[in-house]
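Text of the file structure08.txt, holding compact mmCIF, C-alpha atoms and all ligand atoms:
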# COMPACT_ATOMS: atom_id res chain seq x y z
CA MET Z 13 -116.77 -20.84 -57.37
CA SER Z 14 -115.14 -23.21 -54.91
CA GLY Z 15 -116.64 -24.43 -51.67
CA HIS Z 16 -117.01 -27.44 -49.49
CA VAL Z 17 -119.53 -30.15 -50.15
CA LYS Z 18 -120.66 -33.03 -48.00
CA PRO Z 19 -119.38 -36.34 -49.42
CA ASN Z 20 -122.05 -38.54 -50.88
CA PRO Z 21 -121.60 -42.04 -49.35
CA LYS Z 22 -122.99 -43.62 -52.52
CA THR Z 23 -120.32 -42.08 -54.74
CA THR Z 24 -117.42 -42.08 -52.33
CA GLY Z 25 -117.59 -45.72 -51.27
CA GLY Z 26 -119.89 -45.41 -48.24
CA SER Z 27 -118.54 -46.62 -44.91
CA LYS Z 28 -115.13 -47.48 -46.42
CA MET Z 29 -114.32 -43.75 -46.71
CA PRO Z 30 -112.19 -42.57 -43.77
CA THR Z 31 -114.28 -40.15 -41.76
CA HIS Z 32 -111.55 -37.49 -41.45
CA THR Z 33 -111.74 -36.76 -45.21
CA SER Z 34 -115.11 -35.07 -44.76
CA SER Z 35 -114.17 -31.83 -46.50
CA PHE Z 36 -113.41 -31.89 -50.20
CA ILE Z 37 -114.37 -30.30 -53.45
CA THR Z 38 -114.70 -31.64 -56.97
CA LEU Z 39 -112.60 -30.42 -59.88
CA PRO Z 40 -115.11 -27.84 -61.22
CA GLN Z 41 -115.40 -26.39 -57.72
CA ALA Z 42 -111.64 -25.81 -57.70
CA ILE Z 43 -112.15 -23.23 -60.45
CA GLY Z 44 -112.09 -19.65 -59.18
CA GLN Z 45 -111.39 -18.18 -55.72
CA THR Z 46 -107.84 -17.52 -56.88
CA PRO Z 47 -105.51 -15.46 -54.66
CA LEU Z 48 -104.80 -11.80 -55.34
CA LEU Z 49 -101.01 -11.41 -55.31
CA LEU Z 50 -99.34 -8.19 -54.23
CA ILE Z 51 -96.47 -7.75 -56.71
CA LYS Z 52 -93.92 -6.39 -54.25
CA SER Z 53 -91.12 -5.57 -56.71
CA LEU Z 54 -93.35 -3.47 -58.97
CA SER Z 55 -95.26 -1.88 -56.08
CA HIS Z 56 -91.95 -0.74 -54.60
CA LEU Z 57 -90.68 0.57 -57.96
CA LEU Z 58 -93.89 2.43 -58.85
CA LYS Z 59 -94.97 3.56 -55.38
CA GLN Z 60 -98.39 2.11 -56.05
CA ASN Z 61 -100.01 -1.13 -54.86
CA ILE Z 62 -99.84 -3.47 -57.86
CA TYR Z 63 -101.94 -6.62 -57.63
CA LEU Z 64 -102.22 -9.65 -59.91
CA LYS Z 65 -105.21 -12.00 -59.81
CA ALA Z 66 -103.51 -15.40 -59.93
CA GLU Z 67 -105.75 -17.02 -62.52
CA PHE Z 68 -102.93 -19.38 -63.50
CA LEU Z 69 -103.79 -21.30 -60.29
CA ASN Z 70 -107.06 -22.55 -61.79
CA PRO Z 71 -106.93 -26.34 -62.38
CA GLY Z 72 -106.58 -25.90 -66.17
CA GLY Z 73 -103.91 -23.25 -65.58
CA SER Z 74 -105.67 -20.18 -66.96
CA VAL Z 75 -108.38 -17.55 -66.57
CA LYS Z 76 -110.38 -19.35 -69.26
CA ASP Z 77 -111.40 -22.19 -66.91
CA ARG Z 78 -114.06 -19.84 -65.52
CA ALA Z 79 -115.61 -19.13 -68.91
CA ALA Z 80 -115.39 -22.80 -69.94
CA LEU Z 81 -117.22 -23.90 -66.78
CA SER Z 82 -119.87 -21.21 -67.05
CA MET Z 83 -120.61 -21.98 -70.72
CA ILE Z 84 -120.78 -25.74 -70.06
CA GLN Z 85 -122.98 -25.23 -66.99
CA SER Z 86 -125.41 -23.11 -68.95
CA ALA Z 87 -125.54 -25.62 -71.83
CA PHE Z 88 -126.34 -28.41 -69.31
CA ASP Z 89 -128.97 -26.21 -67.63
CA GLN Z 90 -130.69 -25.49 -70.92
CA GLY Z 91 -130.62 -29.12 -72.07
CA GLN Z 92 -128.27 -28.29 -74.97
CA ILE Z 93 -125.75 -30.97 -73.95
CA LYS Z 94 -125.89 -34.37 -72.23
CA SER Z 95 -123.08 -36.44 -70.67
CA HIS Z 96 -121.96 -39.47 -72.71
CA ILE Z 97 -123.81 -38.13 -75.78
CA SER Z 98 -122.79 -34.58 -76.69
CA THR Z 99 -119.59 -33.27 -78.23
CA LEU Z 100 -118.35 -29.72 -77.67
CA TYR Z 101 -116.87 -27.87 -80.67
CA GLU Z 102 -114.88 -24.68 -80.28
CA GLY Z 103 -112.38 -22.44 -82.02
CA THR Z 104 -109.75 -21.08 -79.62
CA ALA Z 105 -106.18 -19.85 -79.25
CA GLY Z 106 -105.82 -22.69 -76.76
CA ASN Z 107 -106.65 -21.73 -73.18
CA THR Z 108 -110.42 -22.02 -73.63
CA GLY Z 109 -109.72 -25.31 -75.40
CA ILE Z 110 -107.77 -26.53 -72.36
CA GLY Z 111 -110.59 -25.54 -69.98
CA LEU Z 112 -113.23 -27.15 -72.21
CA ALA Z 113 -111.20 -30.34 -72.76
CA MET Z 114 -110.55 -30.69 -69.01
CA LEU Z 115 -114.24 -30.25 -68.14
CA ALA Z 116 -115.40 -32.38 -71.08
CA ALA Z 117 -113.33 -35.23 -69.65
CA HIS Z 118 -114.82 -34.57 -66.19
CA TYR Z 119 -118.43 -34.54 -67.42
CA HIS Z 120 -117.98 -37.28 -70.06
CA LEU Z 121 -118.52 -35.11 -73.10
CA GLY Z 122 -116.73 -35.30 -76.44
CA CYS Z 123 -114.55 -32.31 -77.30
CA HIS Z 124 -113.15 -31.14 -80.64
CA ILE Z 125 -110.97 -28.01 -80.68
CA PHE Z 126 -109.95 -25.94 -83.73
CA MET Z 127 -106.80 -23.86 -83.22
CA PRO Z 128 -104.47 -21.75 -85.37
CA ASN Z 129 -101.28 -23.74 -86.00
CA ASN Z 130 -98.98 -20.97 -84.72
CA GLN Z 131 -100.01 -21.34 -81.07
CA SER Z 132 -97.70 -22.91 -78.49
CA GLN Z 133 -97.15 -26.68 -78.74
CA GLU Z 134 -97.70 -26.95 -74.96
CA LYS Z 135 -101.35 -25.86 -75.29
CA ILE Z 136 -101.99 -28.26 -78.18
CA ASP Z 137 -100.38 -31.15 -76.27
CA LEU Z 138 -102.39 -30.42 -73.12
CA ILE Z 139 -105.74 -30.41 -74.96
CA ARG Z 140 -104.86 -33.77 -76.51
CA ALA Z 141 -103.72 -35.07 -73.10
CA TYR Z 142 -107.29 -34.57 -71.83
CA GLY Z 143 -108.48 -36.85 -74.64
CA ALA Z 144 -109.91 -34.11 -76.89
CA GLU Z 145 -109.43 -33.93 -80.63
CA VAL Z 146 -107.42 -30.97 -81.98
CA THR Z 147 -107.58 -29.73 -85.57
CA LEU Z 148 -104.86 -27.21 -86.42
CA VAL Z 149 -105.74 -24.63 -89.07
CA PRO Z 150 -103.56 -21.99 -90.77
CA PRO Z 151 -103.90 -18.55 -89.13
CA THR Z 152 -106.14 -16.49 -91.39
CA GLY Z 153 -108.44 -13.46 -91.38
CA PHE Z 154 -111.92 -13.72 -89.90
CA SER Z 155 -113.61 -13.32 -93.31
CA ASP Z 156 -111.89 -16.51 -94.55
CA PRO Z 157 -114.23 -19.53 -94.15
CA ASN Z 158 -111.17 -21.53 -93.05
CA HIS Z 159 -110.76 -19.39 -89.91
CA PHE Z 160 -110.84 -21.59 -86.78
CA TYR Z 161 -114.07 -19.91 -85.65
CA HIS Z 162 -116.01 -20.87 -88.83
CA GLN Z 163 -114.50 -24.36 -88.98
CA ALA Z 164 -115.63 -25.15 -85.41
CA LYS Z 165 -119.11 -23.77 -86.10
CA ASN Z 166 -119.47 -25.78 -89.36
CA LYS Z 167 -118.23 -29.01 -87.82
CA ALA Z 168 -120.70 -28.66 -84.92
CA SER Z 169 -123.57 -28.12 -87.37
CA GLN Z 170 -122.71 -31.41 -89.12
CA ASP Z 171 -122.93 -33.41 -85.86
CA SER Z 172 -126.48 -34.04 -84.57
CA ASN Z 173 -125.04 -34.32 -81.04
CA GLY Z 174 -122.66 -31.41 -81.50
CA TYR Z 175 -122.70 -28.18 -79.48
CA TRP Z 176 -120.82 -25.10 -80.70
CA VAL Z 177 -119.63 -23.30 -77.55
CA ASN Z 178 -119.02 -19.93 -79.29
CA GLN Z 179 -116.99 -18.22 -76.56
CA PHE Z 180 -116.81 -14.95 -78.51
CA GLU Z 181 -120.57 -14.35 -78.50
CA ASN Z 182 -121.74 -16.61 -75.64
CA PRO Z 183 -122.90 -14.33 -72.75
CA ASN Z 184 -122.02 -17.00 -70.19
CA ASN Z 185 -118.40 -16.10 -70.85
CA TYR Z 186 -118.59 -12.54 -69.48
CA LEU Z 187 -121.17 -13.61 -66.90
CA ALA Z 188 -118.58 -15.94 -65.36
CA HIS Z 189 -116.42 -12.88 -64.71
CA TYR Z 190 -119.32 -10.65 -63.67
CA ASN Z 191 -120.47 -13.29 -61.18
CA THR Z 192 -117.12 -14.51 -59.86
CA THR Z 193 -113.87 -12.75 -60.93
CA GLY Z 194 -115.23 -9.22 -60.38
CA PRO Z 195 -116.75 -9.92 -56.92
CA GLU Z 196 -113.63 -11.81 -55.84
CA ILE Z 197 -111.38 -8.88 -56.82
CA TYR Z 198 -113.68 -6.45 -55.02
CA SER Z 199 -113.78 -8.49 -51.83
CA GLN Z 200 -109.99 -9.11 -51.92
CA CYS Z 201 -109.24 -5.43 -52.60
CA PRO Z 202 -112.18 -3.26 -51.48
CA LEU Z 203 -110.10 -0.10 -52.00
CA ILE Z 204 -109.32 -0.90 -55.65
CA ASP Z 205 -108.83 2.27 -57.73
CA VAL Z 206 -107.98 0.88 -61.17
CA PHE Z 207 -108.61 -2.36 -63.06
CA ALA Z 208 -107.02 -2.95 -66.45
CA CYS Z 209 -106.51 -5.96 -68.72
CA SER Z 210 -106.29 -7.15 -72.32
CA ALA Z 211 -109.06 -8.85 -74.31
CA GLY Z 212 -109.24 -12.02 -76.39
CA THR Z 213 -112.98 -12.63 -76.49
CA GLY Z 214 -113.56 -9.70 -74.12
CA GLY Z 215 -115.18 -11.97 -71.54
CA THR Z 216 -112.82 -11.06 -68.70
CA ILE Z 217 -112.80 -7.31 -69.26
CA GLY Z 218 -116.51 -7.28 -70.12
CA GLY Z 219 -117.56 -9.09 -66.95
CA VAL Z 220 -115.06 -7.63 -64.48
CA SER Z 221 -115.47 -4.02 -65.64
CA SER Z 222 -119.28 -4.32 -65.66
CA PHE Z 223 -119.20 -5.59 -62.10
CA LEU Z 224 -116.67 -3.03 -60.85
CA LYS Z 225 -118.63 -0.21 -62.50
CA GLY Z 226 -121.69 -1.29 -60.56
CA VAL Z 227 -123.74 -2.46 -63.56
CA SER Z 228 -126.75 -4.32 -62.28
CA LEU Z 229 -127.89 -7.17 -64.53
CA SER Z 230 -131.47 -8.32 -64.89
CA GLN Z 231 -132.21 -11.33 -62.71
CA SER Z 232 -132.51 -13.73 -65.62
CA GLN Z 233 -129.13 -12.59 -66.98
CA SER Z 234 -127.20 -12.91 -63.75
CA GLN Z 235 -128.88 -16.21 -62.87
CA ASN Z 236 -127.58 -17.78 -66.06
CA SER Z 237 -124.45 -19.13 -64.47
CA GLN Z 238 -125.66 -19.35 -60.88
CA MET Z 239 -128.62 -21.72 -60.96
CA SER Z 240 -126.91 -24.88 -61.97
CA PRO Z 241 -127.65 -28.54 -61.34
CA LEU Z 242 -123.89 -28.92 -61.17
CA HIS Z 243 -123.99 -27.14 -57.79
CA ILE Z 244 -121.10 -24.75 -58.20
CA ASN Z 245 -120.90 -22.68 -55.05
CA HIS Z 246 -121.18 -19.02 -55.78
CA ASN Z 247 -121.94 -16.23 -53.35
CA PRO Z 248 -123.16 -13.19 -55.24
CA PRO Z 249 -122.04 -9.96 -53.57
CA SER Z 250 -124.67 -8.31 -51.42
CA GLN Z 251 -123.64 -4.87 -52.70
CA LEU Z 252 -122.33 -3.66 -56.06
CA PRO Z 253 -119.34 -1.29 -56.06
CA SER Z 254 -120.08 2.38 -56.62
CA ASN Z 255 -118.99 3.82 -59.96
CA GLN Z 256 -115.57 5.14 -58.80
CA ILE Z 257 -113.28 2.40 -60.09
CA LYS Z 258 -111.49 3.22 -63.36
CA CYS Z 259 -111.26 0.43 -65.98
CA TYR Z 260 -108.88 0.33 -68.95
CA LEU Z 261 -108.20 -1.91 -71.94
CA ILE Z 262 -104.57 -2.93 -72.56
CA ASP Z 263 -104.13 -3.95 -76.20
CA PRO Z 264 -101.21 -5.59 -78.03
CA TYR Z 265 -100.07 -4.21 -81.43
CA GLY Z 266 -101.81 -6.00 -84.30
CA SER Z 267 -105.16 -5.78 -82.50
CA GLY Z 268 -107.90 -3.38 -83.58
CA LEU Z 269 -109.53 -2.79 -80.18
CA TYR Z 270 -107.34 0.19 -79.29
CA SER Z 271 -108.32 2.02 -82.51
CA TRP Z 272 -111.94 0.94 -82.09
CA TYR Z 273 -112.01 2.49 -78.61
CA HIS Z 274 -110.50 5.79 -79.79
CA ASN Z 275 -111.97 6.13 -83.33
CA GLN Z 276 -114.76 3.52 -83.58
CA GLU Z 277 -112.94 1.73 -86.41
CA PHE Z 278 -110.97 -1.51 -86.46
CA LYS Z 279 -107.49 -0.59 -87.63
CA SER Z 280 -104.28 -2.20 -86.51
CA SER Z 281 -100.59 -1.53 -86.89
CA GLY Z 282 -97.65 -3.83 -86.19
CA SER Z 283 -98.03 -7.32 -84.77
CA SER Z 284 -97.52 -9.28 -81.58
CA VAL Z 285 -96.27 -12.70 -80.53
CA THR Z 286 -98.66 -12.75 -77.55
CA GLU Z 287 -101.29 -15.50 -77.73
CA GLY Z 288 -104.99 -15.39 -76.85
CA ILE Z 289 -105.35 -11.60 -76.90
CA GLY Z 290 -106.12 -8.95 -79.50
CA ILE Z 291 -109.00 -9.06 -81.96
CA MET Z 292 -110.20 -7.29 -85.11
CA ARG Z 293 -113.94 -7.33 -84.55
CA LEU Z 294 -116.50 -6.35 -81.93
CA THR Z 295 -117.71 -9.39 -79.98
CA GLU Z 296 -120.79 -9.56 -77.77
CA ASN Z 297 -118.50 -10.14 -74.79
CA PHE Z 298 -116.28 -7.13 -75.47
CA LYS Z 299 -119.40 -4.99 -75.97
CA GLN Z 300 -120.06 -5.42 -72.24
CA ALA Z 301 -116.78 -3.65 -71.31
CA LYS Z 302 -117.17 -0.35 -69.45
CA LEU Z 303 -113.97 1.52 -70.21
CA ASP Z 304 -112.34 4.80 -69.19
CA GLY Z 305 -109.50 4.42 -71.67
CA ALA Z 306 -107.34 2.11 -73.79
CA ILE Z 307 -103.56 1.85 -74.11
CA GLN Z 308 -101.15 -0.21 -76.23
CA VAL Z 309 -98.13 -2.26 -75.19
CA THR Z 310 -95.32 -3.57 -77.46
CA ASP Z 311 -93.77 -7.05 -77.40
CA THR Z 312 -90.46 -5.53 -76.23
CA GLU Z 313 -92.26 -3.97 -73.25
CA THR Z 314 -94.12 -7.24 -72.56
CA PHE Z 315 -91.01 -9.39 -72.63
CA SER Z 316 -88.98 -6.94 -70.54
CA MET Z 317 -91.74 -7.15 -67.90
CA LEU Z 318 -91.80 -10.95 -68.19
CA GLU Z 319 -88.05 -11.10 -67.48
CA PHE Z 320 -88.27 -8.50 -64.67
CA LEU Z 321 -90.98 -10.49 -62.87
CA ALA Z 322 -89.09 -13.78 -63.20
CA HIS Z 323 -85.89 -12.23 -61.83
CA ASN Z 324 -87.32 -9.86 -59.21
CA GLU Z 325 -90.60 -11.40 -58.08
CA GLY Z 326 -90.01 -15.11 -58.63
CA LEU Z 327 -93.04 -15.18 -60.90
CA PHE Z 328 -92.79 -16.62 -64.43
CA VAL Z 329 -96.00 -15.44 -66.09
CA GLY Z 330 -97.19 -15.89 -69.67
CA PRO Z 331 -96.94 -13.03 -72.19
CA SER Z 332 -100.52 -11.75 -71.79
CA ALA Z 333 -100.08 -11.41 -68.00
CA ALA Z 334 -96.77 -9.60 -68.56
CA LEU Z 335 -98.47 -7.28 -71.07
CA ASN Z 336 -101.21 -6.65 -68.52
CA LEU Z 337 -98.66 -5.74 -65.85
CA PHE Z 338 -96.71 -3.45 -68.18
CA GLY Z 339 -99.90 -1.60 -69.17
CA LEU Z 340 -100.99 -1.37 -65.55
CA SER Z 341 -97.55 0.02 -64.63
CA LYS Z 342 -97.84 2.71 -67.32
CA LEU Z 343 -101.20 3.77 -65.89
CA ALA Z 344 -99.81 3.71 -62.34
CA ILE Z 345 -96.83 5.90 -63.29
CA ALA Z 346 -99.05 8.45 -65.05
CA ASP Z 347 -101.14 8.77 -61.89
CA GLU Z 348 -99.89 11.73 -59.84
CA GLN Z 349 -101.42 10.31 -56.68
CA LYS Z 350 -99.38 7.47 -55.22
CA ASN Z 351 -100.16 4.51 -52.98
CA LYS Z 352 -103.33 3.64 -54.91
CA SER Z 353 -104.50 0.11 -55.73
CA TYR Z 354 -104.08 -1.22 -59.27
CA VAL Z 355 -105.33 -4.69 -60.26
CA THR Z 356 -104.89 -6.86 -63.36
CA ILE Z 357 -105.19 -10.48 -64.44
CA GLY Z 358 -102.49 -13.17 -64.38
CA CYS Z 359 -104.01 -15.14 -67.26
CA ASP Z 360 -101.53 -18.03 -67.38
CA LEU Z 361 -97.88 -19.00 -66.70
CA GLY Z 362 -94.80 -18.82 -68.92
CA THR Z 363 -94.31 -22.59 -68.76
CA ARG Z 364 -97.29 -22.87 -71.13
CA TYR Z 365 -95.04 -21.27 -73.80
CA GLN Z 366 -91.67 -22.72 -72.82
CA SER Z 367 -90.85 -24.13 -76.28
CA LYS Z 368 -90.88 -20.51 -77.47
CA LEU Z 369 -89.74 -18.58 -74.39
CA PHE Z 370 -86.77 -20.89 -73.70
CA SER Z 371 -85.64 -20.94 -77.33
CA GLN Z 372 -82.79 -18.53 -78.17
CA SER Z 373 -83.51 -18.83 -81.89
CA TRP Z 374 -87.21 -17.98 -81.40
CA LEU Z 375 -86.33 -14.99 -79.22
CA GLU Z 376 -83.74 -13.78 -81.76
CA LYS Z 377 -86.14 -14.23 -84.68
CA ASN Z 378 -88.63 -12.01 -82.88
CA ASN Z 379 -86.06 -9.46 -81.68
CA LEU Z 380 -86.80 -10.36 -78.08
CA ASN Z 381 -83.29 -11.13 -76.92
CA ASN Z 382 -81.16 -8.37 -75.32
CA LEU Z 383 -84.16 -6.48 -73.99
CA PRO Z 384 -83.87 -2.96 -72.53
CA PRO Z 385 -84.35 -2.89 -68.73
CA LEU Z 386 -87.90 -2.43 -67.53
CA SER Z 387 -87.17 0.79 -65.64
CA LYS Z 388 -85.90 2.39 -68.88
CA LEU Z 389 -88.96 1.28 -70.87
CA LEU Z 390 -91.19 2.70 -68.15
CA GLY Z 391 -89.23 5.99 -68.33
CA LEU Z 392 -88.24 5.77 -64.67
CA PHE Z 393 -84.48 6.35 -64.95
C1 LIG A 401 -103.32 -16.17 -72.36
C2 LIG A 401 -104.62 -15.44 -72.46
N1 LIG A 401 -104.72 -14.22 -71.91
C3 LIG A 401 -105.87 -13.51 -71.99
C4 LIG A 401 -106.97 -14.00 -72.64
C5 LIG A 401 -108.18 -13.11 -72.79
O1 LIG A 401 -109.29 -13.50 -72.11
P1 LIG A 401 -110.75 -13.12 -72.62
O2 LIG A 401 -111.09 -14.13 -73.71
O3 LIG A 401 -111.60 -13.27 -71.42
O4 LIG A 401 -110.74 -11.75 -73.18
C6 LIG A 401 -106.91 -15.27 -73.21
C7 LIG A 401 -108.06 -15.81 -73.92
O5 LIG A 401 -108.05 -16.88 -74.44
C8 LIG A 401 -105.72 -16.00 -73.12
O6 LIG A 401 -105.59 -17.22 -73.67
Reformat the file's structure so that it appears as structure tokens.
Ligand SMILES: Cc1ncc(COP(=O)(O)O)c(C=O)c1O
Amino acid sequence: MSGHVKPNPKTTGGSKMPTHTSSFITLPQAIGQTPLLLIKSLSHLLKQNIYLKAEFLNPGGSVKDRAALSMIQSAFDQGQIKSHISTLYEGTAGNTGIGLAMLAAHYHLGCHIFMPNNQSQEKIDLIRAYGAEVTLVPPTGFSDPNHFYHQAKNKASQDSNGYWVNQFENPNNYLAHYNTTGPEIYSQCPLIDVFACSAGTGGTIGGVSSFLKGVSLSQSQSQNSQMSPLHINHNPPSQLPSNQIKCYLIDPYGSGLYSWYHNQEFKSSGSSVTEGIGIMRLTENFKQAKLDGAIQVTDTETFSMLEFLAHNEGLFVGPSAALNLFGLSKLAIADEQKNKSYVTIGCDLGTRYQSKLFSQSWLEKNNLNNLPPLSKLLGLF
């Protein structure tokens, strides 16, 4: 999504601008084009090439900046929102709220976020730091009208200038990943064999797996997030990948997607402290996912991976990225062929959860202190 634009003398101060600063981008254009990191420690251990798409380098610090930008762009394009007038309303575990609040500030929109009150304080604080309003609601089942999703929707309907973003059902969420994340991964790793990741709304896995499986969208669909007056640079790939790349869902316990994939019913067992992933219903975005399989990962496995990466790679990722890398490692170990290319998503960083991750009492309460070594959990030694 990034690219270089010519400075506009009217907006940059005309002749007073030093001429050598002729190459710059604006904040929305800094979203996307993230590096693909080779995780050397894991690649060495597993004898596979393990890659992490560094989505935590987006300006809002997570993979959800892409979806936030795409959904806002589309709403501008379709005349559903106007700067200085409209207010965005959304229910979120936090990262979409951060992306929306950041872009709302940039485009002079109001922003009101509804979040469950058990999410990390860092995410809540950051949304408020961008000037958005945050309403915390008790975590509750989806059928409860007090669920953050319904509260955001209701509040938007009471505001004549309100716009409910609806990331779970909004197709511009998965289209952001079909149009940008998927093509970027493919161009950074043309020999990719396997892609796997978890799902919150399903936007990432829906869009990336559709692209990697060579699904061709109708022109009107794929244009949704490309033809924008906001001029986000985007170079659609000239060729879609052939259908050889395997795609898998990695699900935390407490989520129903794993059982839905295997038995077409939403059943869950156990629970998870991970944030932003796992869901108990079929969303429009997850429906787009093209999957070859689904696996589950425990919190113990996730946190052992998180610690391993911090100590052996110098990478302090958030829990969903650690879960992604544990699941990817399981798939890579089960593969009899070695030296293949495995890719997943680095959704955000551990610093976004530091009030939990750095708290001994929180770790003890969740049985996440004294973790078994990663190699043992992966059955390597
Ligand atoms: C930390 C984290 N990881 C992963 C995801 C899942 O992304 P998606 O909504 O595209 O499925 C989210 C979504 O909010 C998230 O916050």
query: In Å, with one decimal, what is the gap from atom CA of Z:Asn70 to atom CA of Z:Ile43?
result: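 Going from atom CA of Z:Asn70 over to atom CA of Z:Ile43 covers 5.3 Å.
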- request: Counting all atoms listed in the file, find the residues whose atoms lie at most 10 Å from (-113.9, -13.0, -61.0) (file coordinates) and write them out as a list in words.
  value: Met13, Gly44, Gln45, Thr46, Lys65, Glu67, Val75, Arg78, Tyr186, Leu187, Ala188, His189, Tyr190, Asn191, Thr192, Thr193, Gly194, Pro195, Glu196, Ile197, Tyr198, Thr216, Gly219, Val220, Phe223 and Ile357 of chain Z
- prompt: Do you know which residues are within 8 Å of ligand LIG 401 (chain A) using all atoms listed in the file? Can you write them as a PyMOL selection string?
  reply: chain Z and resi 74-76+79+104-108+179-180+185-186+210-218+286-289+298+330-333+358-360
- request: For atom CA of Z:Gln41 and atom CA of Z:Ala87, quote the distance in Å rounded to one decimal.
  value: 17.4 Å
field: Residue contacts of stretch 170-177 of chain Z (9 Å, all atoms listed in the file) excluding same-chain residues fewer than 3 positions away, as a list of chain:residue names
entry: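 Final neighbour list, sorted by chain and number: Z:Ala80, Z:Met83, Z:Ile84, Z:Ala87, Z:Gln92, Z:Ile93, Z:Lys94, Z:Ile97, Z:Ser98, Z:Thr99, Z:Leu100, Z:Tyr101, Z:Glu102, Z:Gly103, Z:Gly122, Z:Ala164, Z:Lys165, Z:Asn166, Z:Lys167, Z:Phe180, Z:Asn182.
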task: Have a look at Z:Leu389, Z:Leu369, Z:Val146, Z:Cys123 and name the one nearest to Z:Thr310; count only C-alpha atoms.
output: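 Distance minimum relative to Z:Thr310 lands on Z:Leu389.
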task: Would you kindly identify which residues have an atom no farther than 8 Å from (-111.2, -22.9, -84.8), using all atoms listed in the file and the file's own coordinates, and write them out as a list of chain:residue names?
output: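 Checking each residue against the 8 Å limit leaves Z:Glu102, Z:Gly103, Z:Thr104, Z:Ile125, Z:Phe126, Z:Met127, Z:Pro128, Z:Thr147, Z:Leu148, Z:Val149, Z:His159, Z:Phe160, Z:Tyr161, Z:His162, Z:Gln163, Z:Ala164.
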query: Of the candidates Z:Lys135, Z:Glu296, Z:Leu64, Z:Glu181, which shows the shortest atom-to-atom distance to Z:Val329, using all atoms listed in the file?
result: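 Using all atoms listed in the file, Z:Val329 sits closest to Z:Leu64.
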If we count all atoms listed in the file and set the cut-off at 12 Å, which residues sit around Z:Asp347, ignoring sequence neighbours fewer than 5 positions away in its own chain? Please answer as a CSV table (one decimal) with C-alpha atoms, in the frame of the given file.
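Result saved to part_18.csv:
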chain,number,residue,atom,x,y,z
Z,58,LEU,CA,-93.9,2.4,-58.8
Z,59,LYS,CA,-95.0,3.6,-55.4
Z,60,GLN,CA,-98.4,2.1,-56.0
Z,205,ASP,CA,-108.8,2.3,-57.7
Z,206,VAL,CA,-108.0,0.9,-61.2
Z,258,LYS,CA,-111.5,3.2,-63.4
Z,340,LEU,CA,-101.0,-1.4,-65.6
Z,341,SER,CA,-97.6,0.0,-64.6
Z,342,LYS,CA,-97.8,2.7,-67.3
Z,352,LYS,CA,-103.3,3.6,-54.9
Z,353,SER,CA,-104.5,0.1,-55.7
Z,354,TYR,CA,-104.1,-1.2,-59.3
message: Just to confirm, what's the straight-line distance from atom CA of Z:Glu134 to atom CA of Z:His96 in Å (one decimal)?
response: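 Distance reported for this atom pair: 27.4 Å.
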Close residues, Z:Asn130 itself excluded, 8 Å, all atoms listed in the file, min 2 positions apart in chain, as a CSV table (one decimal) with C-alpha atoms, keeping the file's coordinate frame:
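Dumped everything to around_17.csv:
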chain,number,residue,atom,x,y,z
Z,128,PRO,CA,-104.5,-21.8,-85.4
Z,132,SER,CA,-97.7,-22.9,-78.5
Z,150,PRO,CA,-103.6,-22.0,-90.8
Z,151,PRO,CA,-103.9,-18.6,-89.1
query: Between Z:Lys299, Z:Lys388, Z:His56, Z:His124, which has the minimum distance to Z:Ser316 (counting all atoms listed in the file)?
result: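 Smallest distance to Z:Ser316 is found for Z:Lys388.
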field: Using all atoms listed in the file: which of Z:Asn178, Z:Thr314, Z:Gln308, Z:Ser82 has the shortest distance to Z:Gly282
entry: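 Of the candidates, the smallest distance to Z:Gly282 is held by Z:Gln308.
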task: Would you please work out which residue, of Z:Gln349, Z:Asn378, Z:Asn255, Z:Ser267, is nearest to Z:Ser280 when using all atoms listed in the file?
output: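 Looking only at the distances to Z:Ser280, the closest residue turns out to be Z:Ser267.
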- prompt: For Z:Ala113, which residue among Z:Gly153, Z:Leu229, Z:Leu321, Z:Gly72 is the nearest when counting only C-alpha atoms?
  reply: Z:Gly72
